[in-house]
file entry22.tsv (TSV, C-alpha atoms)
chain	number	residue	atom	x	y	z
A	1	MET	CA	-4.52	-21.13	25.39
A	2	THR	CA	-3.28	-20.58	21.82
A	3	ALA	CA	-4.23	-24.15	20.95
A	4	GLU	CA	-7.87	-23.24	21.54
A	5	ILE	CA	-8.09	-20.18	19.28
A	6	ASN	CA	-8.47	-19.92	15.51
A	7	ASN	CA	-5.54	-21.92	14.11
A	8	SER	CA	-4.92	-19.52	11.24
A	9	VAL	CA	-4.70	-16.64	13.71
A	10	ALA	CA	-2.49	-18.55	16.15
A	11	GLN	CA	0.04	-19.17	13.39
A	12	LEU	CA	0.27	-15.57	12.20
A	13	ALA	CA	3.81	-14.22	12.15
A	14	GLU	CA	4.70	-11.12	14.14
A	15	SER	CA	5.39	-8.00	12.07
A	16	GLN	CA	9.14	-7.62	11.66
A	17	ILE	CA	8.68	-3.92	10.94
A	18	ARG	CA	7.09	-3.46	14.35
A	19	GLN	CA	9.86	-5.55	15.92
A	20	ILE	CA	12.38	-2.97	14.73
A	21	MET	CA	10.10	-0.09	15.75
A	22	GLU	CA	9.61	-1.47	19.27
A	23	LEU	CA	13.36	-1.92	19.70
A	24	GLY	CA	13.94	1.61	18.42
A	25	HIS	CA	11.46	3.13	20.82
A	26	LYS	CA	13.55	1.79	23.70
A	27	MET	CA	16.60	3.67	22.43
A	28	GLU	CA	17.56	7.32	22.33
A	29	ASP	CA	18.38	9.38	19.24
A	30	VAL	CA	16.89	7.01	16.68
A	31	ILE	CA	15.77	8.13	13.22
A	32	GLY	CA	12.82	5.91	12.42
A	33	LEU	CA	12.32	5.34	8.70
A	34	TRP	CA	10.52	2.03	9.20
A	35	PHE	CA	6.89	3.01	8.56
A	36	GLY	CA	5.32	4.14	5.32
A	37	GLU	CA	4.44	7.70	6.21
A	38	GLY	CA	5.93	11.15	6.05
A	39	ASP	CA	6.75	13.42	8.97
A	40	GLU	CA	4.53	16.31	7.90
A	41	PRO	CA	1.08	16.71	9.50
A	42	THR	CA	-2.27	16.54	7.77
A	43	PRO	CA	-2.93	19.83	5.88
A	44	ASP	CA	-4.92	22.43	7.79
A	45	PHE	CA	-7.78	22.53	5.28
A	46	ILE	CA	-8.51	18.87	6.01
A	47	LYS	CA	-8.18	19.25	9.78
A	48	ASN	CA	-10.45	22.28	9.69
A	49	ALA	CA	-13.06	20.29	7.79
A	50	ALA	CA	-13.06	17.66	10.53
A	51	VAL	CA	-13.40	20.34	13.21
A	52	GLN	CA	-16.30	21.88	11.33
A	53	ALA	CA	-17.98	18.49	10.95
A	54	LEU	CA	-17.68	17.94	14.69
A	55	ALA	CA	-19.09	21.40	15.38
A	56	GLU	CA	-22.03	20.54	13.13
A	57	ASP	CA	-22.62	17.34	15.13
A	58	LYS	CA	-21.75	15.01	12.29
A	59	THR	CA	-21.10	12.29	14.82
A	60	PHE	CA	-24.02	9.90	14.32
A	61	TYR	CA	-24.33	6.60	12.50
A	62	VAL	CA	-24.42	6.76	8.71
A	63	PRO	CA	-25.01	4.09	6.02
A	64	ASN	CA	-22.51	1.23	6.15
A	65	SER	CA	-21.31	1.99	2.61
A	66	GLY	CA	-20.35	5.49	3.69
A	67	VAL	CA	-21.70	9.03	3.72
A	68	PRO	CA	-23.42	9.47	0.33
A	69	GLU	CA	-21.65	12.79	-0.24
A	70	LEU	CA	-18.27	11.11	0.26
A	71	ARG	CA	-19.12	8.21	-2.01
A	72	GLN	CA	-20.21	10.63	-4.72
A	73	ALA	CA	-17.04	12.68	-4.25
A	74	ILE	CA	-14.95	9.51	-4.63
A	75	ALA	CA	-16.90	8.46	-7.72
A	76	ASP	CA	-16.32	11.89	-9.27
A	77	TYR	CA	-12.62	11.75	-8.31
A	78	MET	CA	-12.15	8.30	-9.89
A	79	SER	CA	-14.08	9.36	-13.01
A	80	GLY	CA	-11.91	12.42	-13.47
A	81	LEU	CA	-8.68	10.62	-12.72
A	82	TYR	CA	-9.16	7.78	-15.18
A	83	ARG	CA	-11.46	9.55	-17.66
A	84	ARG	CA	-14.05	6.80	-17.40
A	85	PRO	CA	-17.42	7.13	-15.64
A	86	VAL	CA	-17.51	5.54	-12.18
A	87	ALA	CA	-20.94	5.39	-10.55
A	88	MET	CA	-21.51	5.87	-6.84
A	89	ASP	CA	-22.96	2.36	-6.54
A	90	ARG	CA	-19.45	1.00	-7.08
A	91	ILE	CA	-17.95	2.89	-4.10
A	92	THR	CA	-17.68	1.69	-0.49
A	93	ALA	CA	-15.97	3.82	2.16
A	94	THR	CA	-13.53	1.91	4.38
A	95	THR	CA	-11.48	2.56	7.46
A	96	SER	CA	-8.20	2.55	5.54
A	97	GLY	CA	-6.75	0.66	2.60
A	98	MET	CA	-6.03	-2.27	4.91
A	99	HIS	CA	-9.68	-2.56	5.81
A	100	GLY	CA	-10.47	-2.46	2.09
A	101	ILE	CA	-8.13	-5.38	1.46
A	102	MET	CA	-9.75	-7.42	4.22
A	103	LEU	CA	-13.25	-6.66	2.94
A	104	ALA	CA	-12.21	-7.66	-0.58
A	105	TYR	CA	-10.76	-10.94	0.66
A	106	GLN	CA	-13.79	-11.66	2.85
A	107	THR	CA	-16.00	-11.10	-0.18
A	108	ILE	CA	-14.27	-13.42	-2.64
A	109	LEU	CA	-12.16	-15.96	-0.72
A	110	ASP	CA	-13.37	-19.21	0.85
A	111	PRO	CA	-11.11	-21.30	3.11
A	112	GLY	CA	-8.67	-23.20	0.94
A	113	ASP	CA	-8.93	-20.82	-2.02
A	114	THR	CA	-5.66	-19.73	-3.60
A	115	VAL	CA	-4.70	-16.09	-4.01
A	116	VAL	CA	-1.60	-15.27	-6.05
A	117	ILE	CA	0.31	-12.22	-4.81
A	118	VAL	CA	3.05	-10.32	-6.59
A	119	GLY	CA	5.93	-9.76	-4.16
A	120	PRO	CA	7.90	-8.53	-2.34
A	121	ILE	CA	4.77	-7.07	-0.82
A	122	TRP	CA	3.51	-5.27	2.24
A	123	PRO	CA	3.01	-8.20	4.66
A	124	ASN	CA	-0.59	-7.38	5.56
A	125	ALA	CA	-1.73	-8.34	2.06
A	126	VAL	CA	-0.47	-11.87	2.68
A	127	HIS	CA	-1.52	-12.28	6.30
A	128	ALA	CA	-5.05	-10.99	5.73
A	129	ALA	CA	-5.58	-13.89	3.31
A	130	GLU	CA	-4.07	-16.33	5.79
A	131	VAL	CA	-6.47	-15.13	8.51
A	132	LEU	CA	-9.28	-16.35	6.23
A	133	SER	CA	-7.55	-19.73	5.78
A	134	ALA	CA	-6.80	-19.03	2.13
A	135	LYS	CA	-3.65	-20.28	0.44
A	136	VAL	CA	-1.08	-17.73	-0.72
A	137	ARG	CA	1.23	-18.21	-3.69
A	138	VAL	CA	3.82	-15.46	-4.17
A	139	VAL	CA	5.21	-14.60	-7.60
A	140	PRO	CA	8.42	-12.62	-7.25
A	141	LEU	CA	9.43	-9.46	-9.01
A	142	HIS	CA	12.99	-9.64	-10.35
A	143	GLU	CA	15.70	-7.02	-10.19
A	144	VAL	CA	17.27	-7.00	-13.65
A	145	ASP	CA	19.81	-4.43	-14.89
A	146	GLY	CA	18.93	-1.98	-12.15
A	147	GLU	CA	15.17	-2.23	-12.59
A	148	TRP	CA	12.37	-4.26	-11.03
A	149	THR	CA	10.47	-6.35	-13.56
A	150	ILE	CA	7.70	-8.93	-13.66
A	151	ASP	CA	7.84	-12.15	-15.69
A	152	LEU	CA	4.32	-12.49	-17.10
A	153	ASP	CA	4.81	-16.12	-18.08
A	154	GLU	CA	5.85	-16.91	-14.52
A	155	LEU	CA	2.78	-15.06	-13.23
A	156	PHE	CA	0.38	-16.84	-15.57
A	157	ASP	CA	1.91	-20.22	-14.67
A	158	ALA	CA	1.38	-19.42	-10.98
A	159	LEU	CA	-2.23	-18.45	-11.57
A	160	GLY	CA	-2.71	-21.75	-13.37
A	161	SER	CA	-6.13	-23.35	-13.17
A	162	ASP	CA	-6.75	-23.12	-9.42
A	163	ALA	CA	-6.20	-19.46	-8.45
A	164	LYS	CA	-9.30	-17.65	-7.24
A	165	ALA	CA	-7.72	-14.21	-7.11
A	166	LEU	CA	-4.66	-12.15	-7.97
A	167	PHE	CA	-3.45	-9.39	-5.65
A	168	ILE	CA	-1.26	-6.78	-7.29
A	169	ASN	CA	0.14	-3.58	-5.77
A	170	SER	CA	1.40	-1.03	-8.30
A	171	PRO	CA	3.27	1.17	-7.61
A	172	ASN	CA	4.66	-1.42	-5.29
A	173	ASN	CA	5.53	-1.26	-1.62
A	174	PRO	CA	8.43	-1.92	-1.02
A	175	THR	CA	10.25	-1.96	-4.39
A	176	GLY	CA	8.79	1.05	-6.20
A	177	TRP	CA	8.05	-1.19	-9.20
A	178	MET	CA	5.23	0.04	-11.42
A	179	ALA	CA	3.31	-2.06	-13.93
A	180	GLU	CA	3.16	-0.53	-17.38
A	181	ARG	CA	-0.14	-0.35	-19.24
A	182	THR	CA	0.81	-3.12	-21.67
A	183	GLU	CA	1.59	-5.42	-18.74
A	184	LEU	CA	-1.71	-4.60	-17.06
A	185	GLU	CA	-3.56	-5.23	-20.31
A	186	ALA	CA	-2.02	-8.70	-20.57
A	187	ILE	CA	-2.69	-9.51	-16.90
A	188	PHE	CA	-6.28	-8.26	-17.10
A	189	SER	CA	-6.94	-10.22	-20.27
A	190	PHE	CA	-5.63	-13.42	-18.68
A	191	CYS	CA	-7.61	-12.98	-15.46
A	192	ARG	CA	-10.80	-12.04	-17.28
A	193	SER	CA	-10.60	-15.06	-19.60
A	194	HIS	CA	-9.99	-17.41	-16.65
A	195	GLY	CA	-12.58	-15.88	-14.29
A	196	ILE	CA	-9.93	-14.79	-11.79
A	197	TRP	CA	-10.66	-11.92	-9.43
A	198	MET	CA	-8.17	-9.04	-9.42
A	199	VAL	CA	-7.61	-7.14	-6.19
A	200	CYS	CA	-5.60	-4.04	-7.11
A	201	ASP	CA	-3.90	-1.96	-4.42
A	202	ASP	CA	-3.64	1.49	-6.04
A	203	VAL	CA	-2.76	3.39	-2.86
A	204	TYR	CA	0.40	4.87	-4.43
A	205	ALA	CA	-1.09	5.60	-7.86
A	206	ARG	CA	-0.57	9.37	-7.52
A	207	LEU	CA	2.99	9.10	-6.20
A	208	VAL	CA	4.89	8.47	-9.43
A	209	TYR	CA	7.92	10.22	-10.85
A	210	ASP	CA	9.98	11.09	-13.91
A	211	GLY	CA	7.37	13.26	-15.58
A	212	ARG	CA	4.37	11.08	-14.72
A	213	THR	CA	1.47	12.11	-12.54
A	214	LEU	CA	-0.55	8.89	-12.44
A	215	ALA	CA	0.32	5.21	-12.56
A	216	PRO	CA	-1.35	2.91	-15.09
A	217	SER	CA	-4.33	1.20	-13.48
A	218	ILE	CA	-6.85	-1.54	-14.11
A	219	ALA	CA	-9.38	1.24	-13.54
A	220	GLU	CA	-8.60	2.35	-17.09
A	221	LEU	CA	-9.40	-1.09	-18.52
A	222	ALA	CA	-12.13	-2.82	-16.52
A	223	GLU	CA	-15.85	-2.55	-17.11
A	224	PRO	CA	-18.11	-2.05	-14.07
A	225	ASP	CA	-19.11	-5.74	-13.92
A	226	ASP	CA	-15.60	-7.17	-14.32
A	227	ARG	CA	-14.14	-9.17	-11.44
A	228	VAL	CA	-11.98	-6.28	-10.29
A	229	ILE	CA	-11.77	-4.70	-6.84
A	230	ILE	CA	-9.61	-1.58	-6.54
A	231	ILE	CA	-8.32	-0.49	-3.14
A	232	ASN	CA	-7.44	3.09	-2.31
A	233	SER	CA	-6.67	5.20	0.73
A	234	PHE	CA	-6.46	8.76	1.97
A	235	SER	CA	-3.32	7.94	3.98
A	236	LYS	CA	-0.46	8.64	1.57
A	237	ASN	CA	-1.66	11.34	-0.82
A	238	TRP	CA	-3.21	13.58	1.80
A	239	ASN	CA	-1.00	12.83	4.86
A	240	MET	CA	-3.89	11.14	6.66
A	241	THR	CA	-2.31	7.89	7.92
A	242	GLY	CA	-3.81	8.15	11.40
A	243	TRP	CA	-7.27	9.12	10.19
A	244	ARG	CA	-8.02	5.62	8.87
A	245	LEU	CA	-10.06	6.32	5.77
A	246	GLY	CA	-10.06	4.66	2.38
A	247	TRP	CA	-12.37	3.22	-0.24
A	248	ILE	CA	-13.16	0.30	-2.52
A	249	THR	CA	-14.20	0.51	-6.16
A	250	ALA	CA	-15.98	-2.72	-7.08
A	251	PRO	CA	-18.72	-4.15	-9.28
A	252	PRO	CA	-22.09	-2.64	-8.31
A	253	ASP	CA	-23.59	-6.01	-7.36
A	254	LEU	CA	-21.07	-6.19	-4.48
A	255	LEU	CA	-22.31	-2.97	-2.87
A	256	LEU	CA	-24.81	-4.62	-0.51
A	257	ILE	CA	-22.42	-7.49	0.26
A	258	LEU	CA	-19.66	-5.06	1.19
A	259	ALA	CA	-22.18	-3.09	3.29
A	260	LYS	CA	-23.05	-6.24	5.25
A	261	LEU	CA	-19.39	-7.09	5.81
A	262	THR	CA	-18.74	-3.51	6.92
A	263	GLU	CA	-21.58	-3.86	9.42
A	264	TYR	CA	-20.00	-6.97	10.90
A	265	ASN	CA	-16.50	-5.49	11.00
A	266	ILE	CA	-16.65	-1.83	11.96
A	267	ALA	CA	-20.08	-0.45	10.88
A	268	GLY	CA	-18.36	2.30	8.88
A	269	PRO	CA	-15.59	4.90	9.23
A	270	PRO	CA	-16.14	7.77	11.71
A	271	THR	CA	-18.69	10.19	10.29
A	272	PHE	CA	-16.72	13.41	10.80
A	273	VAL	CA	-13.64	11.79	9.23
A	274	GLN	CA	-15.67	10.98	6.13
A	275	HIS	CA	-16.67	14.64	5.82
A	276	ALA	CA	-13.00	15.61	6.05
A	277	GLY	CA	-12.35	13.16	3.23
A	278	ILE	CA	-14.80	15.03	1.01
A	279	VAL	CA	-12.78	18.22	1.44
A	280	ALA	CA	-9.49	16.37	0.87
A	281	LEU	CA	-10.75	15.21	-2.52
A	282	ARG	CA	-12.35	18.54	-3.41
A	283	ASP	CA	-9.51	20.86	-2.40
A	284	GLY	CA	-6.46	18.62	-2.25
A	285	GLU	CA	-5.03	18.55	-5.77
A	286	ALA	CA	-2.41	21.21	-5.06
A	287	HIS	CA	-1.30	19.29	-1.99
A	288	VAL	CA	-1.00	16.02	-3.95
A	289	ALA	CA	1.09	17.73	-6.64
A	290	GLN	CA	3.32	19.36	-4.04
A	291	SER	CA	3.82	16.05	-2.22
A	292	ARG	CA	4.67	14.22	-5.43
A	293	ALA	CA	7.31	16.82	-6.33
A	294	ALA	CA	8.79	16.74	-2.83
A	295	PHE	CA	8.94	12.95	-2.77
A	296	GLU	CA	10.66	12.86	-6.15
A	297	GLU	CA	13.39	15.17	-4.87
A	298	ARG	CA	13.81	12.98	-1.81
A	299	ARG	CA	13.89	9.84	-3.95
A	300	ASP	CA	16.69	11.33	-6.04
A	301	LEU	CA	18.59	12.34	-2.90
A	302	VAL	CA	18.38	8.87	-1.36
A	303	TYR	CA	19.09	7.06	-4.62
A	304	CYS	CA	22.13	9.21	-5.35
A	305	ARG	CA	23.65	8.71	-1.93
A	306	LEU	CA	22.87	5.02	-1.46
A	307	SER	CA	23.76	3.89	-4.98
A	308	SER	CA	27.14	5.60	-4.68
A	309	LEU	CA	28.16	3.18	-1.93
A	310	ASN	CA	30.19	0.22	-3.16
A	311	ARG	CA	28.29	-2.43	-1.19
A	312	VAL	CA	24.80	-1.17	-1.99
A	313	GLY	CA	22.63	-2.29	-4.91
A	314	MET	CA	19.42	-0.40	-5.57
A	315	ALA	CA	16.94	-0.03	-8.41
A	316	LYS	CA	15.58	3.49	-8.78
A	317	PRO	CA	11.93	3.39	-7.68
A	318	LYS	CA	9.35	4.56	-10.21
A	319	GLY	CA	6.66	5.17	-7.64
A	320	ALA	CA	5.70	5.08	-3.93
A	321	PHE	CA	8.22	6.45	-1.43
A	322	TYR	CA	10.57	3.63	-0.53
A	323	ALA	CA	14.18	2.74	-1.24
A	324	PHE	CA	14.52	-1.05	-1.37
A	325	PHE	CA	18.20	-1.90	-1.48
A	326	SER	CA	20.58	-4.80	-0.92
A	327	VAL	CA	23.95	-4.71	0.82
A	328	GLU	CA	26.72	-7.02	-0.34
A	329	GLY	CA	27.60	-9.66	2.23
A	330	GLU	CA	24.42	-9.21	4.27
A	331	ALA	CA	22.05	-12.14	3.80
A	332	ASN	CA	20.01	-11.90	7.03
A	333	SER	CA	18.03	-8.71	6.67
A	334	LEU	CA	16.33	-8.84	10.08
A	335	ALA	CA	19.61	-9.30	11.92
A	336	PHE	CA	21.21	-6.59	9.79
A	337	ALA	CA	18.36	-4.16	10.43
A	338	LYS	CA	18.81	-4.72	14.16
A	339	ARG	CA	22.55	-4.10	13.84
A	340	ILE	CA	21.98	-0.89	11.89
A	341	LEU	CA	19.52	0.25	14.55
A	342	HIS	CA	22.09	-0.41	17.28
A	343	ASP	CA	25.20	0.88	15.48
A	344	ALA	CA	23.79	3.79	13.47
A	345	GLY	CA	20.57	4.72	15.22
A	346	VAL	CA	18.54	4.41	12.03
A	347	GLY	CA	15.41	2.28	11.90
A	348	LEU	CA	14.84	0.45	8.60
A	349	ALA	CA	12.40	-2.29	7.67
A	350	PRO	CA	14.03	-5.69	7.00
A	351	GLY	CA	13.37	-7.19	3.58
A	352	THR	CA	11.96	-10.41	5.04
A	353	ALA	CA	9.08	-8.36	6.44
A	354	PHE	CA	7.86	-8.37	2.82
A	355	GLY	CA	8.15	-12.12	2.36
A	356	ASP	CA	10.94	-14.59	1.70
A	357	VAL	CA	11.54	-12.98	-1.70
A	358	GLY	CA	12.58	-9.80	0.15
A	359	GLU	CA	15.45	-11.46	2.00
A	360	GLY	CA	18.75	-9.66	1.52
A	361	TYR	CA	17.09	-6.24	1.21
A	362	LEU	CA	16.25	-3.32	3.47
A	363	ARG	CA	13.49	-0.75	3.04
A	364	LEU	CA	13.94	2.93	3.81
A	365	CYS	CA	10.94	5.27	3.67
A	366	PHE	CA	12.10	8.53	2.04
A	367	ALA	CA	8.93	10.51	2.82
A	368	ALA	CA	10.75	12.32	5.64
A	369	ARG	CA	12.14	15.85	5.36
A	370	PRO	CA	15.46	16.16	3.46
A	371	ALA	CA	17.36	17.35	6.54
A	372	LEU	CA	16.35	14.22	8.44
A	373	LEU	CA	17.09	12.00	5.45
A	374	ASN	CA	20.57	13.47	5.08
A	375	GLN	CA	21.21	12.93	8.77
A	376	ALA	CA	20.08	9.31	8.47
A	377	LEU	CA	22.18	8.78	5.34
A	378	ASP	CA	25.26	10.22	7.06
A	379	ARG	CA	24.84	7.59	9.76
A	380	LEU	CA	24.12	4.79	7.29
A	381	GLU	CA	27.23	5.53	5.25
A	382	ARG	CA	29.36	4.58	8.24
A	383	VAL	CA	27.71	1.14	8.34
A	384	LEU	CA	27.07	0.49	4.65
A	385	GLY	CA	30.13	2.05	3.07

call {"tool": "encode", "arguments": {"input": "entry22.tsv", "output": "structure tokens"}}
result
Amino acid sequence: MTAEINNSVAQLAESQIRQIMELGHKMEDVIGLWFGEGDEPTPDFIKNAAVQALAEDKTFYVPNSGVPELRQAIADYMSGLYRRPVAMDRITATTSGMHGIMLAYQTILDPGDTVVIVGPIWPNAVHAAEVLSAKVRVVPLHEVDGEWTIDLDELFDALGSDAKALFINSPNNPTGWMAERTELEAIFSFCRSHGIWMVCDDVYARLVYDGRTLAPSIAELAEPDDRVIIINSFSKNWNMTGWRLGWITAPPDLLLILAKLTEYNIAGPPTFVQHAGIVALRDGEAHVAQSRAAFEERRDLVYCRLSSLNRVGMAKPKGAFYAFFSVEGEANSLAFAKRILHDAGVGLAPGTAFGDVGEGYLRLCFAARPALLNQALDRLERVLG
């Protein structure tokens, strides 16, 4: 049967993160830190907005690009965040950041096109391109002197003369690396001069630490007509992972193209969810600030405890909410993650889930409550120490 389906789909690898999760769900007393989400529910003011939207019968079809009020709210949010005007005709509502990535790829990639991706990276960014029969070339981040870095010369060599697009996620899942403004300026200048599309995953842009409140972004540099597509999501900042709502900021001449692709994929996010998104943007700044502060405390807790172990090597993440660490003597991260699950009852994501360049590492999501993190770290110390 598999020989008769789309070859690119037939060859897709199974998610190693979900492999660990499925094993963990068969066990008792497992602390699952495998997924990228916290353990706190969506704030009441957002849930109440959805309930009100349902009560007002906001359950009918709406334009494929999204509810106009939501698109305007997103445009205002982006304009205020980056202090540059963003018009509503650049905004498309999506059912999650992942859907935004797929729409971006469907818009710009033909079969055989090359997309360069900075990794280690959330695996969906790679596999979505492979579904479309595009070629993926990964440029690795490097851990140098306790910090993740990017070699711009290596990146530009990889882009070469044949790359159609560059995918960059900053702050990065899983490493916590964050591109500085000078690096983004150099990357943007190179891509602009070579006609290369940039697909920028800014989902973690608000979750940055050490006195910062916002990560540097191409949104601060690009003009409306530049070949730049920025992906964002309601999942992380507003505890809305299961709601499946996000957005794309793109050149205005892509609006109708993205609307057509949305029609042929999902015909738009649920209407009442979009109205909840308006309230999240309008009333959610205090929640975002509170989450950022809480995640920074949890980052410091996890970093302090893991980095104190003799076998563990870990760069302190500058953004997102993941600890990406290596353990001396452990070269097979999937096998090691399974052993940790069995011996310690803690579910971690194996580094190879984020590409070959992630081998030798494990990812721990520190968005959970401190009490649960401490319990997990107590268990991990027995295995990692």

call {"tool": "closest_residue", "arguments": {"input": "entry22.tsv", "among": "A:Pro85, A:Pro251, A:Pro216, A:Pro171", "to": "A:Ala320", "atoms": "all atoms listed in the file"}}
result
A:Pro171

call {"tool": "closest_residue", "arguments": {"input": "entry22.tsv", "among": "A:Ala286, A:Arg71, A:Trp34, A:Ala344", "to": "A:Glu22", "atoms": "all atoms listed in the file"}}
result
A:Trp34

call {"tool": "closest_residue", "arguments": {"input": "entry22.tsv", "among": "A:Arg305, A:Arg369, A:Lys47, A:Arg90", "to": "A:Leu256", "atoms": "only C-alpha atoms"}}
result
A:Arg90

call {"tool": "residues_near_point", "arguments": {"input": "entry22.tsv", "point": "(29.6, 3.8, 5.3)", "cutoff": "12 Å", "atoms": "only C-alpha atoms", "output": "list in words"}}
result
Arg305, Leu306, Ser307, Ser308, Leu309, Asn310, Arg311, Val312, Val327, Ile340, Asp343, Ala344, Ala376, Leu377, Asp378, Arg379, Leu380, Glu381, Arg382, Val383, Leu384 and Gly385 of chain A

call {"tool": "closest_residue", "arguments": {"input": "entry22.tsv", "among": "A:Gly329, A:Pro224, A:Gly112, A:Gly360", "to": "A:Ser8", "atoms": "only C-alpha atoms"}}
result
A:Gly112

call {"tool": "closest_residue", "arguments": {"input": "entry22.tsv", "among": "A:Phe156, A:Phe336, A:Tyr82, A:Trp148", "to": "A:Ile117", "atoms": "all atoms listed in the file"}}
result
A:Phe156

call {"tool": "build_atoms", "arguments": {"input": "entry22.tsv", "residues": "stretch 262-277 of chain A", "atoms": "N, CA and C atoms", "output": "short mmCIF file (atom, residue, chain, number, x, y, z; two decimals), in the frame of the given file"}}
result
data_model
loop_
_atom_site.label_atom_id
_atom_site.label_comp_id
_atom_site.auth_asym_id
_atom_site.auth_seq_id
_atom_site.Cartn_x
_atom_site.Cartn_y
_atom_site.Cartn_z
N THR A 262 -19.11 -4.69 6.14
CA THR A 262 -18.74 -3.51 6.92
C THR A 262 -19.49 -3.48 8.24
N GLU A 263 -20.76 -3.80 8.20
CA GLU A 263 -21.58 -3.86 9.42
C GLU A 263 -20.97 -4.81 10.44
N TYR A 264 -20.50 -5.95 9.98
CA TYR A 264 -20.00 -6.97 10.90
C TYR A 264 -18.53 -6.76 11.27
N ASN A 265 -17.88 -5.82 10.64
CA ASN A 265 -16.50 -5.49 11.00
C ASN A 265 -16.42 -4.22 11.84
N ILE A 266 -16.84 -3.10 11.26
CA ILE A 266 -16.65 -1.83 11.96
C ILE A 266 -17.84 -0.89 11.84
N ALA A 267 -18.87 -1.27 11.06
CA ALA A 267 -20.08 -0.45 10.88
C ALA A 267 -19.78 0.92 10.28
N GLY A 268 -18.64 1.07 9.62
CA GLY A 268 -18.36 2.30 8.88
C GLY A 268 -17.31 3.19 9.51
N PRO A 269 -16.58 3.95 8.70
CA PRO A 269 -15.59 4.90 9.23
C PRO A 269 -16.28 6.00 10.03
N PRO A 270 -15.55 6.67 10.94
CA PRO A 270 -16.14 7.77 11.71
C PRO A 270 -16.75 8.82 10.79
N THR A 271 -17.93 9.29 11.16
CA THR A 271 -18.69 10.19 10.29
C THR A 271 -17.95 11.48 10.00
N PHE A 272 -17.39 12.12 11.02
CA PHE A 272 -16.72 13.41 10.80
C PHE A 272 -15.46 13.23 9.97
N VAL A 273 -14.81 12.06 10.06
CA VAL A 273 -13.64 11.79 9.23
C VAL A 273 -14.05 11.68 7.76
N GLN A 274 -15.19 11.07 7.51
CA GLN A 274 -15.67 10.98 6.13
C GLN A 274 -15.92 12.36 5.53
N HIS A 275 -16.44 13.28 6.33
CA HIS A 275 -16.67 14.64 5.82
C HIS A 275 -15.35 15.36 5.56
N ALA A 276 -14.33 15.06 6.35
CA ALA A 276 -13.00 15.61 6.05
C ALA A 276 -12.46 15.05 4.75
N GLY A 277 -12.78 13.77 4.48
CA GLY A 277 -12.35 13.16 3.23
C GLY A 277 -12.94 13.83 2.01
#
